[in-house]
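Undergrad: To be precise about what I am sending: the file is called data21.pdb and holds PDB, C-alpha atoms.
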MODEL        1
ATOM      1  CA  MET J  15       1.367  16.328 -85.509
ATOM      2  CA  ASN J  16      -0.987  19.096 -84.436
ATOM      3  CA  LYS J  17      -4.081  18.704 -86.582
ATOM      4  CA  ILE J  18      -5.877  15.680 -88.043
ATOM      5  CA  ALA J  19      -9.189  15.034 -89.788
ATOM      6  CA  VAL J  20     -11.727  12.211 -89.726
ATOM      7  CA  PHE J  21     -14.455  11.269 -92.200
ATOM      8  CA  THR J  22     -16.914   8.463 -92.937
ATOM      9  CA  SER J  23     -17.325   7.046 -96.418
ATOM     10  CA  GLY J  24     -19.308   4.420 -98.297
ATOM     11  CA  GLY J  25     -22.320   2.714 -96.756
ATOM     12  CA  ASP J  26     -23.158   3.828 -93.228
ATOM     13  CA  SER J  27     -22.922   1.339 -90.385
ATOM     14  CA  PRO J  28     -24.042   1.443 -86.747
ATOM     15  CA  GLY J  29     -21.102   2.454 -84.562
ATOM     16  CA  MET J  30     -19.644   5.052 -86.908
ATOM     17  CA  ASN J  31     -20.731   7.824 -84.538
ATOM     18  CA  ALA J  32     -19.107   6.055 -81.607
ATOM     19  CA  CYS J  33     -15.920   5.908 -83.664
ATOM     20  CA  ILE J  34     -16.057   9.609 -84.588
ATOM     21  CA  ARG J  35     -16.498  10.373 -80.887
ATOM     22  CA  ALA J  36     -13.492   8.234 -79.981
ATOM     23  CA  VAL J  37     -11.273   9.883 -82.605
ATOM     24  CA  ALA J  38     -12.283  13.385 -81.513
ATOM     25  CA  ARG J  39     -11.760  12.745 -77.822
ATOM     26  CA  ALA J  40      -8.529  10.819 -78.336
ATOM     27  CA  GLY J  41      -7.230  13.816 -80.265
ATOM     28  CA  ILE J  42      -8.250  16.174 -77.484
ATOM     29  CA  TYR J  43      -6.575  13.881 -74.952
ATOM     30  CA  ARG J  44      -3.369  13.933 -77.039
ATOM     31  CA  LYS J  45      -3.533  17.743 -77.295
ATOM     32  CA  ILE J  46      -4.174  17.863 -81.048
ATOM     33  CA  GLN J  47      -6.996  19.466 -83.030
ATOM     34  CA  VAL J  48      -9.496  17.256 -84.850
ATOM     35  CA  MET J  49     -11.551  18.320 -87.851
ATOM     36  CA  GLY J  50     -14.517  16.430 -89.243
ATOM     37  CA  ILE J  51     -15.040  16.207 -93.004
ATOM     38  CA  ARG J  52     -18.699  15.992 -94.032
ATOM     39  CA  ARG J  53     -19.873  13.683 -96.847
ATOM     40  CA  GLY J  54     -16.660  11.719 -97.219
ATOM     41  CA  TYR J  55     -14.426  12.321-100.231
ATOM     42  CA  GLU J  56     -17.146  14.442-101.819
ATOM     43  CA  GLY J  57     -17.060  16.842 -98.882
ATOM     44  CA  MET J  58     -13.262  16.825 -98.953
ATOM     45  CA  ILE J  59     -13.411  18.094-102.545
ATOM     46  CA  ASP J  60     -15.953  20.781-101.602
ATOM     47  CA  GLY J  61     -14.111  21.864 -98.455
ATOM     48  CA  GLU J  62     -16.778  20.830 -95.935
ATOM     49  CA  PHE J  63     -14.580  20.849 -92.818
ATOM     50  CA  ILE J  64     -15.917  21.363 -89.289
ATOM     51  CA  PRO J  65     -14.054  21.427 -85.953
ATOM     52  CA  LEU J  66     -14.780  18.572 -83.566
ATOM     53  CA  ASP J  67     -14.524  19.328 -79.866
ATOM     54  CA  SER J  68     -15.692  17.307 -76.894
ATOM     55  CA  SER J  69     -19.181  18.814 -76.816
ATOM     56  CA  SER J  70     -19.766  18.366 -80.564
ATOM     57  CA  VAL J  71     -19.489  14.587 -80.168
ATOM     58  CA  SER J  72     -21.529  14.370 -76.962
ATOM     59  CA  ASN J  73     -24.619  12.162 -76.936
ATOM     60  CA  ILE J  74     -23.871  10.432 -80.242
ATOM     61  CA  ILE J  75     -22.436   7.091 -79.076
ATOM     62  CA  GLN J  76     -25.914   5.525 -79.120
ATOM     63  CA  ARG J  77     -26.958   6.884 -82.516
ATOM     64  CA  GLY J  78     -26.912   4.928 -85.762
ATOM     65  CA  GLY J  79     -25.787   6.419 -89.064
ATOM     66  CA  THR J  80     -23.067   9.069 -89.092
ATOM     67  CA  ILE J  81     -23.212  12.715 -88.006
ATOM     68  CA  LEU J  82     -20.568  13.487 -90.644
ATOM     69  CA  LYS J  83     -22.788  12.049 -93.387
ATOM     70  CA  SER J  84     -21.487   9.765 -96.115
ATOM     71  CA  ALA J  85     -21.422   9.842 -99.897
ATOM     72  CA  ARG J  86     -19.958   8.066-102.893
ATOM     73  CA  SER J  87     -17.831  10.396-104.996
ATOM     74  CA  LYS J  88     -17.286   9.967-108.721
ATOM     75  CA  ARG J  89     -15.305  13.204-108.745
ATOM     76  CA  PHE J  90     -12.734  11.705-106.394
ATOM     77  CA  MET J  91     -11.961   9.102-109.054
ATOM     78  CA  THR J  92     -10.556  11.892-111.241
ATOM     79  CA  SER J  93      -7.160  13.553-110.797
ATOM     80  CA  GLY J  94      -8.862  16.953-110.778
ATOM     81  CA  GLY J  95     -11.159  15.964-107.921
ATOM     82  CA  ARG J  96      -8.309  14.537-105.871
ATOM     83  CA  GLY J  97      -6.314  17.700-106.539
ATOM     84  CA  GLN J  98      -9.123  19.836-105.097
ATOM     85  CA  ALA J  99      -9.349  17.529-102.069
ATOM     86  CA  ALA J 100      -5.596  17.807-101.478
ATOM     87  CA  ASP J 101      -5.757  21.596-101.717
ATOM     88  CA  HIS J 102      -8.457  21.752 -99.039
ATOM     89  CA  LEU J 103      -6.537  19.445 -96.707
ATOM     90  CA  MET J 104      -3.475  21.650 -97.017
ATOM     91  CA  GLN J 105      -5.476  24.873 -96.602
ATOM     92  CA  HIS J 106      -6.845  23.538 -93.306
ATOM     93  CA  GLY J 107      -3.413  22.417 -92.133
ATOM     94  CA  ILE J 108      -4.370  18.731 -91.950
ATOM     95  CA  GLU J 109      -1.341  16.548 -91.186
ATOM     96  CA  GLY J 110      -3.086  13.173 -91.021
ATOM     97  CA  VAL J 111      -6.479  11.689 -91.904
ATOM     98  CA  ILE J 112      -8.563   8.895 -90.390
ATOM     99  CA  ALA J 113     -10.956   7.232 -92.846
ATOM    100  CA  ILE J 114     -13.867   5.172 -91.494
ATOM    101  CA  GLY J 115     -15.329   2.912 -94.171
ATOM    102  CA  GLY J 116     -14.851  -0.189 -96.298
ATOM    103  CA  ASP J 117     -12.609  -1.455 -99.078
ATOM    104  CA  GLY J 118     -13.515   1.277-101.583
ATOM    105  CA  THR J 119     -12.693   3.913 -98.991
ATOM    106  CA  PHE J 120      -9.298   2.354 -98.328
ATOM    107  CA  ARG J 121      -8.398   1.877-101.990
ATOM    108  CA  GLY J 122      -9.079   5.569-102.541
ATOM    109  CA  ALA J 123      -7.092   6.516 -99.437
ATOM    110  CA  LYS J 124      -4.067   4.482-100.544
ATOM    111  CA  GLU J 125      -3.897   6.137-103.961
ATOM    112  CA  PHE J 126      -4.659   9.613-102.643
ATOM    113  CA  SER J 127      -2.093   9.457 -99.837
ATOM    114  CA  GLY J 128       0.586   8.589-102.369
ATOM    115  CA  GLU J 129      -0.344  11.635-104.428
ATOM    116  CA  CYS J 130      -0.757  14.254-101.703
ATOM    117  CA  GLY J 131       1.781  12.942 -99.197
ATOM    118  CA  ILE J 132      -0.616  13.105 -96.235
ATOM    119  CA  PRO J 133      -0.755   9.898 -94.140
ATOM    120  CA  PHE J 134      -4.074   8.052 -93.935
ATOM    121  CA  VAL J 135      -5.155   5.454 -91.370
ATOM    122  CA  GLY J 136      -8.347   3.458 -91.886
ATOM    123  CA  ILE J 137     -10.948   2.038 -89.520
ATOM    124  CA  PRO J 138     -13.231  -0.762 -90.797
ATOM    125  CA  GLY J 139     -16.803   0.520 -90.775
ATOM    126  CA  THR J 140     -19.097  -1.799 -92.737
ATOM    127  CA  ILE J 141     -21.874  -4.193 -91.801
ATOM    128  CA  ASP J 142     -20.567  -6.825 -94.254
ATOM    129  CA  ASN J 143     -17.588  -7.891 -92.079
ATOM    130  CA  ASP J 144     -15.654  -8.607 -95.277
ATOM    131  CA  LEU J 145     -12.347  -6.811 -94.645
ATOM    132  CA  PHE J 146      -9.139  -8.763 -94.149
ATOM    133  CA  GLY J 147      -7.216  -7.835 -91.003
ATOM    134  CA  THR J 148      -9.950  -7.698 -88.386
ATOM    135  CA  ASP J 149     -12.169 -10.317 -86.783
ATOM    136  CA  PHE J 150     -15.147  -7.978 -86.846
ATOM    137  CA  THR J 151     -15.965  -4.678 -88.527
ATOM    138  CA  ILE J 152     -17.888  -1.832 -86.919
ATOM    139  CA  GLY J 153     -21.607  -2.355 -87.523
ATOM    140  CA  TYR J 154     -21.558  -6.095 -88.167
ATOM    141  CA  ASP J 155     -22.742  -7.131 -84.703
ATOM    142  CA  THR J 156     -25.628  -4.663 -84.811
ATOM    143  CA  ALA J 157     -26.624  -5.788 -88.311
ATOM    144  CA  ILE J 158     -26.818  -9.487 -87.465
ATOM    145  CA  ASN J 159     -28.811  -8.740 -84.307
ATOM    146  CA  THR J 160     -31.211  -6.631 -86.394
ATOM    147  CA  VAL J 161     -31.631  -9.534 -88.820
ATOM    148  CA  VAL J 162     -32.182 -12.054 -86.026
ATOM    149  CA  ARG J 163     -34.901  -9.888 -84.449
ATOM    150  CA  ALA J 164     -36.627  -9.536 -87.815
ATOM    151  CA  ILE J 165     -36.504 -13.281 -88.481
ATOM    152  CA  ASP J 166     -37.856 -14.011 -84.994
ATOM    153  CA  GLN J 167     -40.886 -11.881 -85.827
ATOM    154  CA  ILE J 168     -41.287 -13.425 -89.282
ATOM    155  CA  ARG J 169     -41.172 -16.906 -87.750
ATOM    156  CA  ASP J 170     -44.282 -16.069 -85.705
ATOM    157  CA  THR J 171     -46.175 -15.523 -88.951
ATOM    158  CA  ALA J 172     -44.550 -18.557 -90.586
ATOM    159  CA  ASN J 173     -45.717 -20.781 -87.735
ATOM    160  CA  SER J 174     -49.206 -19.286 -87.702
ATOM    161  CA  HIS J 175     -49.780 -19.927 -91.408
ATOM    162  CA  ASP J 176     -47.588 -22.989 -92.067
ATOM    163  CA  ARG J 177     -45.392 -21.030 -94.451
ATOM    164  CA  LEU J 178     -41.918 -21.289 -95.910
ATOM    165  CA  PHE J 179     -40.126 -17.929 -95.762
ATOM    166  CA  PHE J 180     -37.086 -16.939 -97.816
ATOM    167  CA  ILE J 181     -35.325 -14.042 -96.081
ATOM    168  CA  GLU J 182     -32.872 -12.071 -98.226
ATOM    169  CA  VAL J 183     -30.133 -10.229 -96.338
ATOM    170  CA  MET J 184     -27.297  -7.971 -97.469
ATOM    171  CA  GLY J 185     -24.151  -9.616 -98.741
ATOM    172  CA  ARG J 186     -23.438  -9.059-102.428
ATOM    173  CA  ASP J 187     -19.961 -10.586-102.212
ATOM    174  CA  ALA J 188     -19.850 -12.104 -98.726
ATOM    175  CA  GLY J 189     -22.187 -14.263 -96.673
ATOM    176  CA  PHE J 190     -21.106 -13.293 -93.161
ATOM    177  CA  ILE J 191     -24.400 -11.585 -92.270
ATOM    178  CA  ALA J 192     -26.441 -14.482 -93.639
ATOM    179  CA  LEU J 193     -24.391 -17.168 -91.908
ATOM    180  CA  ARG J 194     -24.368 -15.883 -88.341
ATOM    181  CA  SER J 195     -27.910 -14.499 -88.428
ATOM    182  CA  GLY J 196     -29.125 -17.764 -89.936
ATOM    183  CA  ILE J 197     -27.586 -19.803 -87.133
ATOM    184  CA  GLY J 198     -28.801 -17.331 -84.521
ATOM    185  CA  SER J 199     -32.378 -17.495 -85.794
ATOM    186  CA  GLY J 200     -32.507 -21.270 -86.300
ATOM    187  CA  ALA J 201     -32.820 -21.170 -90.089
ATOM    188  CA  GLU J 202     -33.144 -24.495 -91.898
ATOM    189  CA  CYS J 203     -30.782 -23.404 -94.700
ATOM    190  CA  VAL J 204     -28.322 -20.555 -95.247
ATOM    191  CA  LEU J 205     -27.281 -19.742 -98.816
ATOM    192  CA  VAL J 206     -24.134 -17.640 -99.312
ATOM    193  CA  PRO J 207     -21.987 -16.453-102.269
ATOM    194  CA  GLU J 208     -18.925 -18.377-101.058
ATOM    195  CA  THR J 209     -20.481 -21.802-101.729
ATOM    196  CA  ARG J 210     -22.388 -23.219-104.683
ATOM    197  CA  THR J 211     -26.089 -23.573-103.936
ATOM    198  CA  ASP J 212     -27.597 -26.996-104.598
ATOM    199  CA  ILE J 213     -31.358 -26.514-104.959
ATOM    200  CA  ASP J 214     -31.944 -30.262-104.716
ATOM    201  CA  GLN J 215     -30.165 -30.302-101.355
ATOM    202  CA  VAL J 216     -32.298 -27.387-100.149
ATOM    203  CA  ILE J 217     -35.414 -29.312-101.143
ATOM    204  CA  ALA J 218     -34.111 -32.469 -99.423
ATOM    205  CA  THR J 219     -33.683 -30.504 -96.189
ATOM    206  CA  LEU J 220     -37.218 -29.133 -96.467
ATOM    207  CA  GLU J 221     -38.626 -32.582 -97.220
ATOM    208  CA  GLN J 222     -36.886 -33.948 -94.152
ATOM    209  CA  GLY J 223     -38.616 -31.312 -92.030
ATOM    210  CA  TRP J 224     -41.935 -31.934 -93.763
ATOM    211  CA  GLY J 225     -41.596 -35.640 -92.993
ATOM    212  CA  ARG J 226     -41.437 -34.950 -89.261
ATOM    213  CA  LYS J 227     -44.457 -32.654 -89.593
ATOM    214  CA  LYS J 228     -42.572 -29.388 -89.405
ATOM    215  CA  SER J 229     -45.158 -26.711 -90.176
ATOM    216  CA  SER J 230     -42.859 -23.832 -91.144
ATOM    217  CA  SER J 231     -39.313 -23.173 -92.304
ATOM    218  CA  ILE J 232     -36.912 -20.259 -92.717
ATOM    219  CA  ILE J 233     -34.243 -20.051 -95.411
ATOM    220  CA  VAL J 234     -31.754 -17.163 -95.232
ATOM    221  CA  VAL J 235     -30.309 -16.022 -98.565
ATOM    222  CA  ALA J 236     -27.409 -13.606 -99.039
ATOM    223  CA  GLU J 237     -28.256 -11.252-101.910
ATOM    224  CA  GLY J 238     -25.155 -12.334-103.844
ATOM    225  CA  ASP J 239     -25.848 -16.079-103.765
ATOM    226  CA  ASP J 240     -24.903 -17.796-107.024
ATOM    227  CA  ALA J 241     -28.380 -19.258-107.552
ATOM    228  CA  GLY J 242     -29.946 -15.781-107.535
ATOM    229  CA  GLY J 243     -31.802 -13.617-105.042
ATOM    230  CA  ALA J 244     -34.501 -14.834-102.687
ATOM    231  CA  PHE J 245     -37.298 -14.454-105.244
ATOM    232  CA  GLU J 246     -35.489 -16.551-107.863
ATOM    233  CA  ILE J 247     -34.545 -19.280-105.378
ATOM    234  CA  ALA J 248     -38.049 -19.351-103.912
ATOM    235  CA  LYS J 249     -39.456 -19.834-107.412
ATOM    236  CA  MET J 250     -37.123 -22.779-108.126
ATOM    237  CA  VAL J 251     -37.874 -24.440-104.791
ATOM    238  CA  ASN J 252     -41.627 -23.914-105.092
ATOM    239  CA  GLN J 253     -41.689 -25.629-108.500
ATOM    240  CA  LYS J 254     -40.377 -28.836-106.932
ATOM    241  CA  PHE J 255     -41.687 -28.484-103.401
ATOM    242  CA  SER J 256     -45.193 -27.073-103.543
ATOM    243  CA  GLN J 257     -46.344 -28.359-100.148
ATOM    244  CA  TYR J 258     -45.465 -25.070 -98.483
ATOM    245  CA  ASP J 259     -47.170 -21.721 -98.923
ATOM    246  CA  THR J 260     -44.063 -19.690 -99.853
ATOM    247  CA  ARG J 261     -43.258 -16.061 -99.039
ATOM    248  CA  VAL J 262     -40.212 -13.847 -99.611
ATOM    249  CA  THR J 263     -39.000 -10.988 -97.397
ATOM    250  CA  ILE J 264     -36.120  -8.708 -98.373
ATOM    251  CA  LEU J 265     -34.782  -6.925 -95.299
ATOM    252  CA  GLY J 266     -32.760  -4.374 -97.269
ATOM    253  CA  HIS J 267     -31.436  -1.215 -95.644
ATOM    254  CA  VAL J 268     -33.110  -1.866 -92.299
ATOM    255  CA  GLN J 269     -29.928  -3.862 -91.598
ATOM    256  CA  ARG J 270     -27.790  -0.710 -91.713
ATOM    257  CA  GLY J 271     -29.742   1.383 -89.247
ATOM    258  CA  GLY J 272     -30.514   1.415 -85.573
ATOM    259  CA  SER J 273     -28.709   2.016 -82.323
ATOM    260  CA  PRO J 274     -25.379   0.128 -82.232
ATOM    261  CA  THR J 275     -24.963  -2.778 -79.858
ATOM    262  CA  ALA J 276     -22.586  -2.568 -76.909
ATOM    263  CA  MET J 277     -20.118  -4.749 -78.842
ATOM    264  CA  ASP J 278     -20.060  -2.289 -81.751
ATOM    265  CA  ARG J 279     -19.765   0.733 -79.461
ATOM    266  CA  VAL J 280     -16.795  -0.769 -77.623
ATOM    267  CA  LEU J 281     -15.075  -1.910 -80.829
ATOM    268  CA  ALA J 282     -15.582   1.511 -82.428
ATOM    269  CA  SER J 283     -14.159   3.232 -79.344
ATOM    270  CA  GLU J 284     -11.097   0.973 -79.239
ATOM    271  CA  LEU J 285     -10.323   1.354 -82.924
ATOM    272  CA  GLY J 286     -10.899   5.117 -82.912
ATOM    273  CA  VAL J 287      -8.365   5.700 -80.161
ATOM    274  CA  ALA J 288      -5.914   3.224 -81.722
ATOM    275  CA  ALA J 289      -6.150   5.003 -85.096
ATOM    276  CA  VAL J 290      -5.193   8.339 -83.537
ATOM    277  CA  ASP J 291      -2.256   6.678 -81.767
ATOM    278  CA  ALA J 292      -1.184   5.073 -85.062
ATOM    279  CA  LEU J 293      -1.118   8.435 -86.857
ATOM    280  CA  LEU J 294       0.879  10.025 -84.054
ATOM    281  CA  ALA J 295       3.320   7.110 -84.193
ATOM    282  CA  GLY J 296       4.011   7.816 -87.867
ATOM    283  CA  LYS J 297       1.936   4.973 -89.333
ATOM    284  CA  ARG J 298       0.342   5.434 -92.746
ATOM    285  CA  ASN J 299      -1.720   3.491 -95.274
ATOM    286  CA  ILE J 300      -2.879   0.912 -92.748
ATOM    287  CA  MET J 301      -6.233  -0.240 -91.448
ATOM    288  CA  ILE J 302      -6.576  -0.567 -87.685
ATOM    289  CA  GLY J 303      -8.512  -3.696 -86.751
ATOM    290  CA  LYS J 304      -8.797  -6.212 -83.967
ATOM    291  CA  LEU J 305      -7.428  -9.711 -84.523
ATOM    292  CA  HIS J 306      -7.603 -12.406 -81.863
ATOM    293  CA  ARG J 307      -8.610  -9.777 -79.285
ATOM    294  CA  GLU J 308      -5.567  -7.608 -80.001
ATOM    295  CA  ILE J 309      -5.383  -4.280 -81.855
ATOM    296  CA  SER J 310      -3.663  -4.884 -85.180
ATOM    297  CA  GLY J 311      -2.543  -2.907 -88.236
ATOM    298  CA  THR J 312      -2.967  -4.228 -91.784
ATOM    299  CA  SER J 313      -1.813  -2.457 -94.939
ATOM    300  CA  PHE J 314      -4.572  -1.010 -97.117
ATOM    301  CA  GLU J 315      -3.376  -3.204 -99.968
ATOM    302  CA  LYS J 316      -3.672  -6.391 -97.942
ATOM    303  CA  ALA J 317      -6.962  -5.397 -96.302
ATOM    304  CA  THR J 318      -8.633  -4.783 -99.673
ATOM    305  CA  LYS J 319      -7.008  -7.443-101.881
ATOM    306  CA  HIS J 320      -7.428 -10.348 -99.487
ATOM    307  CA  HIS J 321     -10.785 -11.542 -98.228
ATOM    308  CA  MET J 322     -11.935 -13.173 -95.039
ATOM    309  CA  ASP J 323     -12.845 -16.801 -95.652
ATOM    310  CA  ILE J 324     -16.257 -18.059 -94.635
ATOM    311  CA  ASN J 325     -16.081 -20.281 -91.569
ATOM    312  CA  ALA J 326     -16.622 -23.842 -92.835
ATOM    313  CA  ASN J 327     -17.445 -25.024 -89.309
ATOM    314  CA  LEU J 328     -20.350 -22.574 -89.124
ATOM    315  CA  LEU J 329     -21.679 -23.804 -92.476
ATOM    316  CA  ARG J 330     -21.530 -27.350 -91.152
ATOM    317  CA  LEU J 331     -23.311 -26.201 -88.016
ATOM    318  CA  VAL J 332     -26.290 -25.054 -90.113
ATOM    319  CA  GLU J 333     -26.520 -28.541 -91.663
ATOM    320  CA  ILE J 334     -26.243 -30.315 -88.312
ATOM    321  CA  LEU J 335     -28.865 -28.160 -86.597
ATOM    322  CA  SER J 336     -31.381 -28.445 -89.438
ATOM    323  CA  VAL J 337     -32.163 -32.114 -88.780
TER
ENDMDL
END
For this file, produce the structure as structure tokens.
TA:
Amino acid sequence: MNKIAVFTSGGDSPGMNACIRAVARAGIYRKIQVMGIRRGYEGMIDGEFIPLDSSSVSNIIQRGGTILKSARSKRFMTSGGRGQAADHLMQHGIEGVIAIGGDGTFRGAKEFSGECGIPFVGIPGTIDNDLFGTDFTIGYDTAINTVVRAIDQIRDTANSHDRLFFIEVMGRDAGFIALRSGIGSGAECVLVPETRTDIDQVIATLEQGWGRKKSSSIIVVAEGDDAGGAFEIAKMVNQKFSQYDTRVTILGHVQRGGSPTAMDRVLASELGVAAVDALLAGKRNIMIGKLHREISGTSFEKATKHHMDINANLLRLVEILSV
């Protein structure tokens, strides 16, 4: 293999640039040429290919976002769009592709690779940490640290005004961000999509704190919680527990940005190099992750169809520490 390409797709996550850097420099080290594809599958259809050399990826390891840009592509869902993408890969002499993204990225890669015959290897880049086959995804550590810092600042206001704050974090289908950031920030309750929310239990926890003269409380809500978003849950709680002055904060896309943590930079570097090695070893249609501290390969099908289970011990930890 003499020439490969790398692209980022789906939602951006801190550490993607560190991963692009690792792929480019691993390719250079292995004496192969690396091309970057701008704007994901959309850029692949439009032929937005740029060469990546050592200098082009200098001074990006500390930057959030992605220098290759990202986009969601409706055209790629059509056979015509995928045909155009395949033509451009062949015109540029691409013999293997590394896709940095989440489950949608990998589902597209699996189907497309079968059609065009070019091997794809994936790297998990998403703040949600919801891909099967890796303990952590690139961007997750940065995201939960961003949330914890925000909650620490909100708690100052909560304490000053004796307020109950509902903090909504990202997590439409998974509560991994909510759970770890909630524990790390000392939240009284953490509400996630994986478990059914009992409003009466939430109120009982708040009443327990009120009884020992607790002046403020923080409840972390994943956006996909079954009881609704933070505003809806706050409304239900406030109807039955009006002692607190209640406020809602939705952190939104602030969780995706910012300089990646050292953990995310190291993980991105490890997985980037391992993905290049996997392509050169003839691997295809797998996601490179890290399981139990070891680099591991998981088929695209398994990585996207299976889901990481929420850690029941961490949920219990929230309950224990709220007393």
Undergrad: Give as a VMD selection string the residues that the PyMOL selection byres ((chain J and resi 70) around 12) matches when applied to the coordinates above.
TA: chain J and resid 31 34 to 36 38 to 39 48 to 50 64 to 69 71 to 75 81 to 82
Undergrad: Given the selection you just returned, output its residues as a file containing C-alpha atoms, formatted as a short mmCIF file (atom, residue, chain, number, x, y, z; two decimals), in the coordinates of the input.
TA:
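What follows is the written file part_26.cif:
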data_model
loop_
_atom_site.label_atom_id
_atom_site.label_comp_id
_atom_site.auth_asym_id
_atom_site.auth_seq_id
_atom_site.Cartn_x
_atom_site.Cartn_y
_atom_site.Cartn_z
CA ASN J 31 -20.73 7.82 -84.54
CA ILE J 34 -16.06 9.61 -84.59
CA ARG J 35 -16.50 10.37 -80.89
CA ALA J 36 -13.49 8.23 -79.98
CA ALA J 38 -12.28 13.38 -81.51
CA ARG J 39 -11.76 12.74 -77.82
CA VAL J 48 -9.50 17.26 -84.85
CA MET J 49 -11.55 18.32 -87.85
CA GLY J 50 -14.52 16.43 -89.24
CA ILE J 64 -15.92 21.36 -89.29
CA PRO J 65 -14.05 21.43 -85.95
CA LEU J 66 -14.78 18.57 -83.57
CA ASP J 67 -14.52 19.33 -79.87
CA SER J 68 -15.69 17.31 -76.89
CA SER J 69 -19.18 18.81 -76.82
CA VAL J 71 -19.49 14.59 -80.17
CA SER J 72 -21.53 14.37 -76.96
CA ASN J 73 -24.62 12.16 -76.94
CA ILE J 74 -23.87 10.43 -80.24
CA ILE J 75 -22.44 7.09 -79.08
CA ILE J 81 -23.21 12.72 -88.01
CA LEU J 82 -20.57 13.49 -90.64
#
Undergrad: Please write as a CSV table (one decimal) with C-alpha atoms, in the frame of the given file the full residue list that the PyMOL selection byres ((chain J and resi 86) around 8) yields on this file.
TA:
chain,number,residue,atom,x,y,z
J,23,SER,CA,-17.3,7.0,-96.4
J,24,GLY,CA,-19.3,4.4,-98.3
J,54,GLY,CA,-16.7,11.7,-97.2
J,55,TYR,CA,-14.4,12.3,-100.2
J,56,GLU,CA,-17.1,14.4,-101.8
J,84,SER,CA,-21.5,9.8,-96.1
J,85,ALA,CA,-21.4,9.8,-99.9
J,87,SER,CA,-17.8,10.4,-105.0
J,88,LYS,CA,-17.3,10.0,-108.7
Undergrad: Quick one: distance from CA of Glu62 in chain J to CA of Arg121 in chain J in Å, one decimal?
TA: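 Rounded to one decimal, the two atoms are 21.6 Å apart.
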Undergrad: Against range 261-280 of chain J, which residues of range 118-201 of chain J fall within 7 Å? For each one I want the closest pair of atoms and the distance in Å (one decimal), counting only C-alpha atoms, rows by chain and increasing residue number, as a tab-separated table.
TA:
residue	atom	partner	partner_atom	distance
J:Ile141	CA	J:Arg270	CA	6.9
J:Ile152	CA	J:Asp278	CA	5.6
J:Gly153	CA	J:Asp278	CA	6.0
J:Asp155	CA	J:Asp278	CA	6.3
J:Thr156	CA	J:Thr275	CA	5.3
J:Ala157	CA	J:Gln269	CA	5.0
J:Thr160	CA	J:Gln269	CA	6.0
J:Val161	CA	J:Gln269	CA	6.5
J:Leu178	CA	J:Arg261	CA	6.2
J:Phe179	CA	J:Arg261	CA	4.9
J:Phe180	CA	J:Val262	CA	4.7
J:Ile181	CA	J:Thr263	CA	5.0
J:Glu182	CA	J:Ile264	CA	4.7
J:Val183	CA	J:Leu265	CA	5.8
J:Met184	CA	J:Gly266	CA	6.5
Undergrad: Could you jot down the CA of Glu208 in chain J to CA of Gly189 in chain J separation for me, Å, one decimal place?
TA: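 Separating CA of Glu208 in chain J from CA of Gly189 in chain J is a distance of 6.8 Å.
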Undergrad: So what does the PyMOL selection byres ((chain J and resi 198) around 10) actually pick up in this one, as a PyMOL selection string?
TA: chain J and resi 158-159+161-163+165-166+192-197+199-201+332
Undergrad: Could you please take those selected residues and save C-alpha atoms as an mmCIF file, in the coordinates of the input?
TA:
data_model
loop_
_atom_site.group_PDB
_atom_site.id
_atom_site.type_symbol
_atom_site.label_atom_id
_atom_site.label_comp_id
_atom_site.auth_asym_id
_atom_site.auth_seq_id
_atom_site.Cartn_x
_atom_site.Cartn_y
_atom_site.Cartn_z
ATOM 1 C CA ILE J 158 -26.818 -9.487 -87.465
ATOM 2 C CA ASN J 159 -28.811 -8.740 -84.307
ATOM 3 C CA VAL J 161 -31.631 -9.534 -88.820
ATOM 4 C CA VAL J 162 -32.182 -12.054 -86.026
ATOM 5 C CA ARG J 163 -34.901 -9.888 -84.449
ATOM 6 C CA ILE J 165 -36.504 -13.281 -88.481
ATOM 7 C CA ASP J 166 -37.856 -14.011 -84.994
ATOM 8 C CA ALA J 192 -26.441 -14.482 -93.639
ATOM 9 C CA LEU J 193 -24.391 -17.168 -91.908
ATOM 10 C CA ARG J 194 -24.368 -15.883 -88.341
ATOM 11 C CA SER J 195 -27.910 -14.499 -88.428
ATOM 12 C CA GLY J 196 -29.125 -17.764 -89.936
ATOM 13 C CA ILE J 197 -27.586 -19.803 -87.133
ATOM 14 C CA SER J 199 -32.378 -17.495 -85.794
ATOM 15 C CA GLY J 200 -32.507 -21.270 -86.300
ATOM 16 C CA ALA J 201 -32.820 -21.170 -90.089
ATOM 17 C CA VAL J 332 -26.290 -25.054 -90.113
#
Undergrad: I'd like the neighbourhood of Val135 in chain J as number ranges by chain, where a residue qualifies if any of its atoms comes within 6 Å (using all atoms listed in the file), though same-chain residues fewer than 4 positions away should be ignored.
TA: J: 112, 298-301
Undergrad: Go ahead and save the picked residues with C-alpha atoms, as a short mmCIF file (atom, residue, chain, number, x, y, z; two decimals), in the coordinates of the input.
TA:
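Wrote it out as part_21.cif, contents follow:
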data_model
loop_
_atom_site.label_atom_id
_atom_site.label_comp_id
_atom_site.auth_asym_id
_atom_site.auth_seq_id
_atom_site.Cartn_x
_atom_site.Cartn_y
_atom_site.Cartn_z
CA ILE J 112 -8.56 8.90 -90.39
CA ARG J 298 0.34 5.43 -92.75
CA ASN J 299 -1.72 3.49 -95.27
CA ILE J 300 -2.88 0.91 -92.75
CA MET J 301 -6.23 -0.24 -91.45
#
Undergrad: Write out as a list in words each polymer residue whose atoms come within 10 Å of Gln105 in chain J, counting only C-alpha atoms; drop sequence neighbours fewer than 5 positions from it.
TA: Gly61, Ala99 and Ala100 of chain J
Undergrad: Just write the chosen residues, C-alpha atoms, as a PDB file, keeping the file's coordinate frame.
TA:
ATOM      1  CA  GLY J  61     -14.111  21.864 -98.455  1.00  0.00           C
ATOM      2  CA  ALA J  99      -9.349  17.529-102.069  1.00  0.00           C
ATOM      3  CA  ALA J 100      -5.596  17.807-101.478  1.00  0.00           C
TER       4      ALA J 100
END
